[in-house]
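Visitor: Before we start, here is the structure in question, set down as structure tokens.
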Amino acid sequence: MILYKKIFILLLPTFFLNFAFAHDHVEDYGTKEEAKELLIRAANLMKVDETLGLTMMTVKSGGFVVKDLYPFCFDDKLTLVSHPHNLGASMKDLEDLNGNSVSEIITKNAKDGQISEITYKFGRYVLGDNKLPEEYLDSTMRKTALYTRVGKYYCMSGYYKK
């Protein structure tokens with residue numbers, strides 16, 4: 001009986017901590033400041049080790065997926081070379097709110113060491129899922145992305161305005 005009491009006493013704080021913070025999980029969405037911080041961290045890592053940086057941005061356990069935020073990069077062929085959900089996908093069809101090519105704007109304007117901003121139509125991923133739900137594919141949700149040039153890549157980190 002004493003053993004059961006000890007186990008109960010040891011597990012009791014864990015139960016209350018889980019209950020107290022249960023609401024703090026998937027409903028938090030990232031801010032512009034957090035997206036900028038992730039982009040800066042990713043760009044700095046890529047300057048030190050390009051392959052490691054691209055890998056860490058792609059694997060979800062790499063430390064770059066925070067809330068609904070993540071940095072990603074694409075190459076001159078407009079192919080995503082790092083992305084936790086869509087590695088290998090094309091950026092060709094992505095349009096801004098005026099129907100302009102997002103990748104064309106970014107490739108023309110991105111400068112190494114300078115962060116710029118663009119807003120475009122894109123649905124929000126369901127947190128904890130690996131893909132964009134079907135009902136969001138034609139969404140008119142507005143995503144704002146911060147972007148920069150890092151060597152031969154164009155890197156971005158986007159957030160949704162509340």
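Quick note on naming: the chains in the structure tokens go A, B, ... in the order shown, residues restart at 1 in each chain, and ligands are numbered from 1 in order of appearance.
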Each residue of range 25-137 of chain A lying at most 7 Å from range 151-158 of chain A should get a row with its shortest atom-to-atom pair and the distance in Å to one decimal, counting only C-alpha atoms; could you produce that, ordered by chain and increasing number, as a tab-separated table?
Guide:
```
residue	atom	partner	partner_atom	distance
A:Ala35	CA	A:Ser157	CA	5.5
A:Lys36	CA	A:Ser157	CA	6.9
A:Leu39	CA	A:Ser157	CA	5.7
A:Leu69	CA	A:Gly158	CA	6.6
A:Tyr70	CA	A:Ser157	CA	5.8
A:Pro71	CA	A:Ser157	CA	4.2
A:Phe72	CA	A:Met156	CA	5.4
A:Cys73	CA	A:Cys155	CA	4.0
A:Phe74	CA	A:Tyr154	CA	5.4
A:Asp75	CA	A:Tyr153	CA	4.9
```
Visitor: What does the file look like for those residues with N, CA, C and O atoms, as a PDB file, in the first residue's frame?
Guide:
```pdb
ATOM      1  N   ALA A  35       8.686  34.587 -37.265  1.00  0.00           N
ATOM      2  CA  ALA A  35       9.028  34.157 -38.633  1.00  0.00           C
ATOM      3  C   ALA A  35      10.358  34.772 -39.055  1.00  0.00           C
ATOM      4  O   ALA A  35      11.199  34.105 -39.676  1.00  0.00           O
ATOM      5  N   LYS A  36      10.560  36.034 -38.717  1.00  0.00           N
ATOM      6  CA  LYS A  36      11.817  36.713 -39.055  1.00  0.00           C
ATOM      7  C   LYS A  36      12.995  36.055 -38.337  1.00  0.00           C
ATOM      8  O   LYS A  36      14.053  35.835 -38.932  1.00  0.00           O
ATOM      9  N   LEU A  39      13.879  32.825 -40.069  1.00  0.00           N
ATOM     10  CA  LEU A  39      14.555  33.064 -41.340  1.00  0.00           C
ATOM     11  C   LEU A  39      16.010  33.474 -41.117  1.00  0.00           C
ATOM     12  O   LEU A  39      16.911  32.979 -41.799  1.00  0.00           O
ATOM     13  N   LEU A  69       5.036  27.947 -37.989  1.00  0.00           N
ATOM     14  CA  LEU A  69       6.083  28.610 -38.769  1.00  0.00           C
ATOM     15  C   LEU A  69       7.207  27.647 -39.137  1.00  0.00           C
ATOM     16  O   LEU A  69       7.498  26.721 -38.394  1.00  0.00           O
ATOM     17  N   TYR A  70       7.834  27.930 -40.265  1.00  0.00           N
ATOM     18  CA  TYR A  70       9.011  27.181 -40.693  1.00  0.00           C
ATOM     19  C   TYR A  70       9.651  27.939 -41.850  1.00  0.00           C
ATOM     20  O   TYR A  70       8.959  28.499 -42.686  1.00  0.00           O
ATOM     21  N   PRO A  71      10.976  27.987 -41.891  1.00  0.00           N
ATOM     22  CA  PRO A  71      11.625  28.571 -43.058  1.00  0.00           C
ATOM     23  C   PRO A  71      11.751  27.513 -44.151  1.00  0.00           C
ATOM     24  O   PRO A  71      11.719  26.310 -43.865  1.00  0.00           O
ATOM     25  N   PHE A  72      11.869  27.953 -45.397  1.00  0.00           N
ATOM     26  CA  PHE A  72      12.069  27.023 -46.510  1.00  0.00           C
ATOM     27  C   PHE A  72      12.813  27.743 -47.615  1.00  0.00           C
ATOM     28  O   PHE A  72      12.856  28.980 -47.646  1.00  0.00           O
ATOM     29  N   CYS A  73      13.417  26.984 -48.522  1.00  0.00           N
ATOM     30  CA  CYS A  73      14.215  27.574 -49.598  1.00  0.00           C
ATOM     31  C   CYS A  73      13.896  26.910 -50.927  1.00  0.00           C
ATOM     32  O   CYS A  73      13.502  25.745 -50.968  1.00  0.00           O
ATOM     33  N   PHE A  74      14.090  27.678 -52.005  1.00  0.00           N
ATOM     34  CA  PHE A  74      13.967  27.119 -53.343  1.00  0.00           C
ATOM     35  C   PHE A  74      15.146  27.583 -54.181  1.00  0.00           C
ATOM     36  O   PHE A  74      15.830  28.551 -53.851  1.00  0.00           O
ATOM     37  N   ASP A  75      15.396  26.860 -55.279  1.00  0.00           N
ATOM     38  CA  ASP A  75      16.555  27.143 -56.132  1.00  0.00           C
ATOM     39  C   ASP A  75      16.143  27.929 -57.378  1.00  0.00           C
ATOM     40  O   ASP A  75      14.988  28.331 -57.516  1.00  0.00           O
TER      41      ASP A  75
END
```
Visitor: Could you state the separation of CA of Thr107 in chain A and CA of Thr55 in chain A in Å, given to one decimal place?
Guide: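 Computed distance, CA of Thr107 in chain A to CA of Thr55 in chain A, equals 21.9 Å.
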Visitor: Give the answer as one residue: which of A:Thr148, A:Thr119, A:Thr51, A:Ser61 has the shortest atom-to-atom distance to Asn98 in chain A, using only C-alpha atoms?
Guide: A:Thr119
Visitor: Taking 4 positions as the minimum chain separation for residues in the same chain, which residues sit within 8 Å of Gly30 in chain A when counting only C-alpha atoms? Answer as a list in words.
Guide: Glu34, Ala35, Val66, Lys67, Asp68, Leu69, Tyr159 and Tyr160 of chain A
Visitor: How many Å lie between CA of Val59 in chain A and CA of His83 in chain A, rounded to one decimal?
Guide: 8.0 Å
Visitor: From the set A:Leu97, A:Leu38, A:Leu52, A:Val65, which residue has the shortest atom-to-atom contact distance to Ile115 in chain A, counting only C-alpha atoms?
Guide: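 Nearest to Ile115 in chain A: A:Leu38.
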Visitor: From the options A:Leu146, A:Leu78, A:Met141, A:Leu54, which residue's atoms come nearest to Lys161 in chain A, counting only C-alpha atoms?
Guide: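 The closest residue to Lys161 in chain A is A:Met141.
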Visitor: Could you check which of A:Tyr29, A:Leu87, A:Arg149, A:Val81 is closest to Ala110 in chain A, using only C-alpha atoms?
Guide: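 That would be A:Arg149, the residue with the smallest distance to Ala110 in chain A.
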Visitor: Output as a count of residues only all residues of range 48-128 of chain A that backbone DSSP marks as alpha helix (DSSP H).
Guide: 18
Visitor: Would you pick out the contacts of Asp93 in chain A at 9 Å or less, using only C-alpha atoms, so that residues sharing its chain but fewer than 3 positions from it are not included, and give the list as a list of chain:residue names?
Guide: A:Ser90, A:Ser101, A:Val102, A:Ser103
Visitor: As an exercise, work out the distance from CA of Phe64 in chain A to CA of Asp112 in chain A in Å and give it to one decimal place.
Guide: 20.1 Å
